[in-house]
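> File run_2.cif below, mmCIF, C-alpha atoms:
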data_input
loop_
_atom_site.label_atom_id
_atom_site.label_comp_id
_atom_site.auth_asym_id
_atom_site.auth_seq_id
_atom_site.Cartn_x
_atom_site.Cartn_y
_atom_site.Cartn_z
CA MET A 207 56.37 -26.66 57.56
CA PRO A 208 56.03 -22.90 56.94
CA VAL A 209 56.22 -20.56 59.90
CA ARG A 210 54.77 -17.18 60.79
CA VAL A 211 56.87 -14.72 62.79
CA GLY A 212 55.65 -11.72 64.76
CA ILE A 213 57.84 -9.10 66.41
CA ASP A 214 57.03 -6.01 68.45
CA LEU A 215 58.96 -3.31 70.25
CA VAL A 216 57.43 -1.31 73.12
CA SER A 217 58.64 1.81 74.91
CA VAL A 218 58.79 1.31 78.67
CA GLN A 219 58.13 5.04 79.10
CA GLY A 220 54.86 4.58 77.21
CA VAL A 221 53.84 1.99 79.80
CA ARG A 222 54.83 4.34 82.64
CA ASP A 223 52.67 7.05 81.03
CA ALA A 224 49.73 4.64 80.79
CA LEU A 225 50.14 3.68 84.45
CA GLU A 226 50.26 7.32 85.50
CA GLY A 227 47.36 8.35 83.27
CA HIS A 228 45.02 5.40 83.61
CA GLY A 229 46.38 3.27 86.46
CA GLN A 230 44.30 0.28 87.43
CA ARG A 231 41.94 0.63 84.46
CA TYR A 232 44.91 0.25 82.09
CA LEU A 233 46.22 -2.75 84.01
CA GLU A 234 42.87 -4.54 84.14
CA ARG A 235 42.06 -3.84 80.48
CA VAL A 236 45.31 -5.12 79.06
CA TYR A 237 46.82 -7.70 81.45
CA THR A 238 45.39 -10.84 83.05
CA PRO A 239 45.39 -11.23 86.85
CA ALA A 240 48.27 -13.72 86.54
CA GLU A 241 50.28 -11.28 84.42
CA ARG A 242 49.65 -8.42 86.85
CA GLN A 243 50.81 -10.64 89.68
CA SER A 244 53.94 -11.78 87.85
CA CYS A 245 54.85 -8.15 87.06
CA GLY A 246 54.35 -6.99 90.64
CA GLY A 247 56.93 -6.31 93.28
CA ARG A 248 57.36 -4.47 96.52
CA GLU A 249 57.30 -1.14 94.69
CA GLY A 250 54.22 -1.90 92.58
CA VAL A 251 54.10 -3.20 89.03
CA ASP A 252 57.29 -3.21 86.99
CA PRO A 253 56.75 -1.16 83.77
CA GLN A 254 59.59 -3.00 82.01
CA ARG A 255 57.96 -6.39 82.54
CA LEU A 256 54.58 -5.02 81.50
CA ALA A 257 56.13 -3.56 78.34
CA ALA A 258 57.62 -6.95 77.44
CA ARG A 259 54.23 -8.60 77.91
CA PHE A 260 52.49 -6.00 75.78
CA ALA A 261 55.10 -6.58 73.07
CA ALA A 262 54.33 -10.31 73.30
CA LYS A 263 50.61 -9.67 72.83
CA GLU A 264 51.21 -7.51 69.77
CA ALA A 265 53.75 -9.93 68.30
CA THR A 266 51.16 -12.69 68.75
CA LEU A 267 48.53 -10.61 66.94
CA LYS A 268 50.94 -10.27 64.02
CA VAL A 269 51.11 -14.06 63.87
CA LEU A 270 47.34 -14.51 64.26
CA ARG A 271 46.48 -11.85 61.64
CA PRO A 272 43.11 -10.89 63.12
CA GLY A 273 41.97 -8.49 60.37
CA SER A 274 38.51 -7.30 61.36
CA VAL A 275 38.24 -9.64 64.37
CA GLY A 276 38.48 -7.79 67.69
CA VAL A 277 40.92 -9.43 70.09
CA PRO A 278 41.05 -8.19 73.69
CA TRP A 279 44.62 -8.08 74.97
CA ARG A 280 43.75 -10.29 77.95
CA GLU A 281 43.00 -13.17 75.61
CA ILE A 282 46.73 -13.43 74.95
CA GLU A 283 48.45 -14.29 78.21
CA VAL A 284 52.16 -14.53 78.90
CA ASN A 285 53.14 -17.14 81.45
CA ARG A 286 56.54 -17.28 83.05
CA ALA A 287 57.88 -20.60 84.31
CA PRO A 288 59.80 -20.64 87.61
CA GLU A 289 62.89 -21.56 85.57
CA GLY A 290 62.56 -18.26 83.68
CA TRP A 291 61.28 -19.14 80.23
CA VAL A 292 58.01 -17.77 78.94
CA SER A 293 55.05 -19.21 77.06
CA LEU A 294 51.72 -18.04 75.64
CA ALA A 295 48.18 -19.08 76.48
CA LEU A 296 45.32 -18.03 74.19
CA SER A 297 41.62 -17.85 74.92
CA GLY A 298 38.45 -16.50 73.27
CA ALA A 299 38.82 -14.88 69.86
CA ALA A 300 42.62 -15.24 69.95
CA ALA A 301 42.32 -19.00 70.41
CA GLY A 302 39.72 -19.09 67.62
CA LEU A 303 42.06 -17.33 65.20
CA ALA A 304 44.85 -19.77 66.06
CA ARG A 305 42.53 -22.74 65.42
CA GLN A 306 41.42 -21.26 62.09
CA ALA A 307 45.04 -20.84 61.01
CA GLY A 308 45.92 -24.38 62.12
CA ILE A 309 48.33 -23.07 64.77
CA THR A 310 48.70 -25.49 67.65
CA ASP A 311 51.76 -24.04 69.37
CA LEU A 312 53.38 -20.63 69.71
CA ALA A 313 56.98 -19.99 70.76
CA LEU A 314 57.81 -16.72 72.55
CA SER A 315 61.00 -14.93 73.48
CA LEU A 316 61.23 -11.63 75.39
CA SER A 317 64.04 -9.17 75.91
CA HIS A 318 64.42 -5.70 77.36
CA GLU A 319 67.15 -3.11 77.59
CA GLY A 320 66.77 0.42 78.88
CA ASP A 321 63.56 1.98 77.58
CA LEU A 322 62.76 -0.79 75.09
CA ALA A 323 61.11 -4.17 75.45
CA LEU A 324 61.01 -6.66 72.60
CA ALA A 325 59.06 -9.83 71.89
CA VAL A 326 59.29 -12.41 69.11
CA VAL A 327 56.61 -15.03 68.48
CA VAL A 328 56.96 -17.94 66.05
CA ALA A 329 54.30 -20.43 65.00
CA GLU A 330 54.20 -23.28 62.54
CA VAL A 331 51.25 -23.18 60.14
CA PRO A 332 49.96 -25.84 57.76
CA SER A 333 51.50 -25.41 54.30
CA ARG A 334 48.15 -24.34 52.77
CA GLU A 335 48.19 -21.25 55.04
CA GLY A 336 51.62 -19.93 54.02
CA MET B 1036 31.53 16.22 63.95
CA SER B 1037 34.18 18.93 63.80
CA GLU B 1038 34.00 19.44 67.56
CA VAL B 1039 34.53 15.70 68.04
CA THR B 1040 37.49 15.61 65.68
CA ASP B 1041 38.98 18.58 67.56
CA GLN B 1042 38.66 16.64 70.81
CA ILE B 1043 40.20 13.57 69.16
CA ARG B 1044 43.13 15.66 67.95
CA GLN B 1045 43.61 16.97 71.49
CA ILE B 1046 43.61 13.40 72.86
CA LEU B 1047 46.10 12.35 70.18
CA ALA B 1048 48.35 15.27 71.12
CA GLU B 1049 48.32 14.17 74.76
CA HIS B 1050 48.40 10.39 74.43
CA ALA B 1051 49.47 9.15 70.99
CA ARG B 1052 53.18 10.07 71.30
CA LEU B 1053 53.18 11.12 67.66
CA PRO B 1054 56.31 12.72 66.20
CA VAL B 1055 54.04 15.18 64.38
CA ASP B 1056 51.41 17.67 65.55
CA PRO B 1057 47.96 16.04 65.17
CA GLN B 1058 46.67 19.43 63.99
CA SER B 1059 48.74 18.91 60.84
CA LEU B 1060 47.09 15.55 60.07
CA SER B 1061 44.04 15.21 57.85
CA ASP B 1062 41.06 13.30 59.17
CA ASP B 1063 41.93 10.39 56.89
CA ALA B 1064 45.67 10.29 57.59
CA ASP B 1065 46.92 6.87 58.77
CA LEU B 1066 47.87 7.34 62.43
CA TYR B 1067 50.07 4.23 62.49
CA GLN B 1068 51.97 5.53 59.46
CA ALA B 1069 52.24 8.87 61.30
CA GLY B 1070 54.05 7.08 64.13
CA MET B 1071 51.40 5.92 66.61
CA SER B 1072 52.46 2.64 68.21
CA SER B 1073 50.02 -0.08 69.15
CA HIS B 1074 50.69 0.61 72.82
CA ALA B 1075 50.01 4.32 72.37
CA SER B 1076 46.68 3.39 70.80
CA VAL B 1077 45.70 1.81 74.14
CA ASN B 1078 46.36 5.14 75.88
CA VAL B 1079 44.33 6.88 73.19
CA MET B 1080 41.47 4.41 73.64
CA LEU B 1081 41.37 4.90 77.43
CA ALA B 1082 41.46 8.68 77.03
CA LEU B 1083 38.63 8.53 74.47
CA GLU B 1084 36.58 6.50 76.95
CA ASP B 1085 37.18 9.11 79.66
CA THR B 1086 36.41 12.08 77.43
CA PHE B 1087 33.30 10.73 75.72
CA ASP B 1088 32.02 8.54 78.57
CA ILE B 1089 32.00 5.42 76.41
CA GLU B 1090 33.58 1.97 76.53
CA PHE B 1091 35.08 0.24 73.53
CA PRO B 1092 33.66 -3.29 73.39
CA ASP B 1093 35.84 -6.28 72.49
CA ARG B 1094 34.52 -6.38 68.92
CA MET B 1095 35.96 -2.89 68.30
CA LEU B 1096 39.46 -3.69 69.50
CA THR B 1097 40.81 -3.82 65.98
CA ARG B 1098 43.61 -1.88 64.36
CA SER B 1099 41.27 -0.27 61.82
CA VAL B 1100 39.08 1.40 64.50
CA PHE B 1101 42.04 3.56 65.59
CA GLU B 1102 43.81 4.02 62.26
CA SER B 1103 42.61 7.57 61.52
CA ILE B 1104 40.85 10.52 63.13
CA ALA B 1105 37.85 9.85 60.88
CA ALA B 1106 37.73 6.16 61.88
CA ILE B 1107 37.93 7.08 65.58
CA ALA B 1108 35.16 9.70 65.12
CA THR B 1109 32.95 7.08 63.47
CA ALA B 1110 33.54 4.64 66.34
CA VAL B 1111 32.89 7.33 68.96
CA ALA B 1112 29.65 8.34 67.23
CA GLU B 1113 28.52 4.71 67.09
CA LEU B 1114 29.24 4.12 70.77
CA ARG B 1115 27.57 7.37 71.86
CA THR B 1116 24.48 6.43 69.87
CA GLU B 1117 24.43 3.00 71.53
CA ALA B 1118 24.89 4.58 74.95
CA ALA B 1119 22.00 7.00 74.33
CA ALA B 1120 19.64 4.28 73.06
#
Rewrite the coordinates I just gave you, this time as structure tokens.

Amino acid sequence: MPVRVGIDLVSVQGVRDALEGHGQRYLERVYTPAERQSCGGREGVDPQRLAARFAAKEATLKVLRPGSVGVPWREIEVNRAPEGWVSLALSGAAAGLARQAGITDLALSLSHEGDLALAVVVAEVPSREG
Amino acid sequence: MSEVTDQIRQILAEHARLPVDPQSLSDDADLYQAGMSSHASVNVMLALEDTFDIEFPDRMLTRSVFESIAAIATAVAELRTEAAA
């Protein structure tokens, strides 16, 4: 079965700038409550974890190929299992795009080093989609 | 419109993290090609909302809305018209 791959790289400093410039409004616009909670710590939210999640959202959009369809970032949610691995949950327009493309499962991997966070998303698509 | 595009260029200078001066970009220049990342476009969107007292609805959260100064100006004009109606 053919696959689609999406990849995205995000600057952690860019996330720090967004937090300084737009604070809670940035957090609530882009990340779900569960994501905000999983990126939180004693010293507030961790910009590196947020950057990895943003990269995951953008990598997912590259797989979904939304074109002219508006997809709010919160409709692509990154979940982290207690064991450490991550998965994606789609809702709204993002879920609709996945259904249209025949995508039933998405695989996600995250990494970060220094100022950069990286995400890769892979999905199988029916052969007619390519 | 020129005042709006001036304000957009100022916002891009402060929030888009472009490797080039936005003053050097034409209204139709592709901002992503010029080096704006998708994350930087979020910062730009939030700054546009602050400056113009608007809110980008879900339907406008597409790459094409933020791809050029002209496209952003069109979106801002549309949202200001809606807000005034």
> Exactly which residues make up the result of the PyMOL selection byres ((chain B) within 12 of (chain A)) on this file, given as a PyMOL selection string?
chain B and resi 1049-1053+1071-1085+1090-1100
> Could you tell me which residues the PyMOL selection byres ((chain B and resi 1105-1109) around 8) grabs in this file, written as an mmCIF file with C-alpha atoms, keeping the file's coordinate frame?

data_model
loop_
_atom_site.group_PDB
_atom_site.id
_atom_site.type_symbol
_atom_site.label_atom_id
_atom_site.label_comp_id
_atom_site.auth_asym_id
_atom_site.auth_seq_id
_atom_site.Cartn_x
_atom_site.Cartn_y
_atom_site.Cartn_z
ATOM 1 C CA MET B 1036 31.530 16.220 63.950
ATOM 2 C CA VAL B 1039 34.530 15.700 68.040
ATOM 3 C CA THR B 1040 37.490 15.610 65.680
ATOM 4 C CA ILE B 1043 40.200 13.570 69.160
ATOM 5 C CA ASP B 1062 41.060 13.300 59.170
ATOM 6 C CA ASP B 1063 41.930 10.390 56.890
ATOM 7 C CA SER B 1099 41.270 -0.270 61.820
ATOM 8 C CA VAL B 1100 39.080 1.400 64.500
ATOM 9 C CA PHE B 1101 42.040 3.560 65.590
ATOM 10 C CA GLU B 1102 43.810 4.020 62.260
ATOM 11 C CA SER B 1103 42.610 7.570 61.520
ATOM 12 C CA ILE B 1104 40.850 10.520 63.130
ATOM 13 C CA ALA B 1110 33.540 4.640 66.340
ATOM 14 C CA VAL B 1111 32.890 7.330 68.960
ATOM 15 C CA ALA B 1112 29.650 8.340 67.230
ATOM 16 C CA GLU B 1113 28.520 4.710 67.090
#
> Up to 7 Å from (62.4, -8.6, 79.5) in the file's coordinates: name the residues, counting all atoms listed in the file, as number ranges by chain.
A: 254-255, 258, 316-318, 323
> Calculate how many Å separate atom CA of Val328 of chain A from atom CA of Gln219 of chain A, rounding to one decimal.
26.5 Å
> What's the separation between atom CA of Val326 of chain A and atom CA of Ala1069 of chain B, in Å to one decimal place?
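Interatomic distance, atom CA of Val326 of chain A to atom CA of Ala1069 of chain B: 23.7 Å.
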> Could you tell me how far atom CA of Gln1058 of chain B lies from atom CA of Arg222 of chain A, in Å and to one decimal?
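Separating atom CA of Gln1058 of chain B from atom CA of Arg222 of chain A is a distance of 25.3 Å.
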> Would you pick out the contacts of segment 294-296 of chain A at 12 Å or less, using all atoms listed in the file, so that residues sharing its chain but fewer than 4 positions from it are not included, and give the list as a PyMOL selection string?
chain A and resi 238+240-241+259+262-263+265-267+270+277-287+300-305+309-316+325-329
> Just say which residues the PyMOL selection byres ((chain B and resi 1057) around 8) picks in this file, as a tab-separated table (two decimals) with C-alpha atoms, in the frame of the given file.

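This is the output file part04.tsv:
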chain	number	residue	atom	x	y	z
B	1044	ARG	CA	43.13	15.66	67.95
B	1045	GLN	CA	43.61	16.97	71.49
B	1047	LEU	CA	46.10	12.35	70.18
B	1048	ALA	CA	48.35	15.27	71.12
B	1053	LEU	CA	53.18	11.12	67.66
B	1055	VAL	CA	54.04	15.18	64.38
B	1056	ASP	CA	51.41	17.67	65.55
B	1058	GLN	CA	46.67	19.43	63.99
B	1059	SER	CA	48.74	18.91	60.84
B	1060	LEU	CA	47.09	15.55	60.07
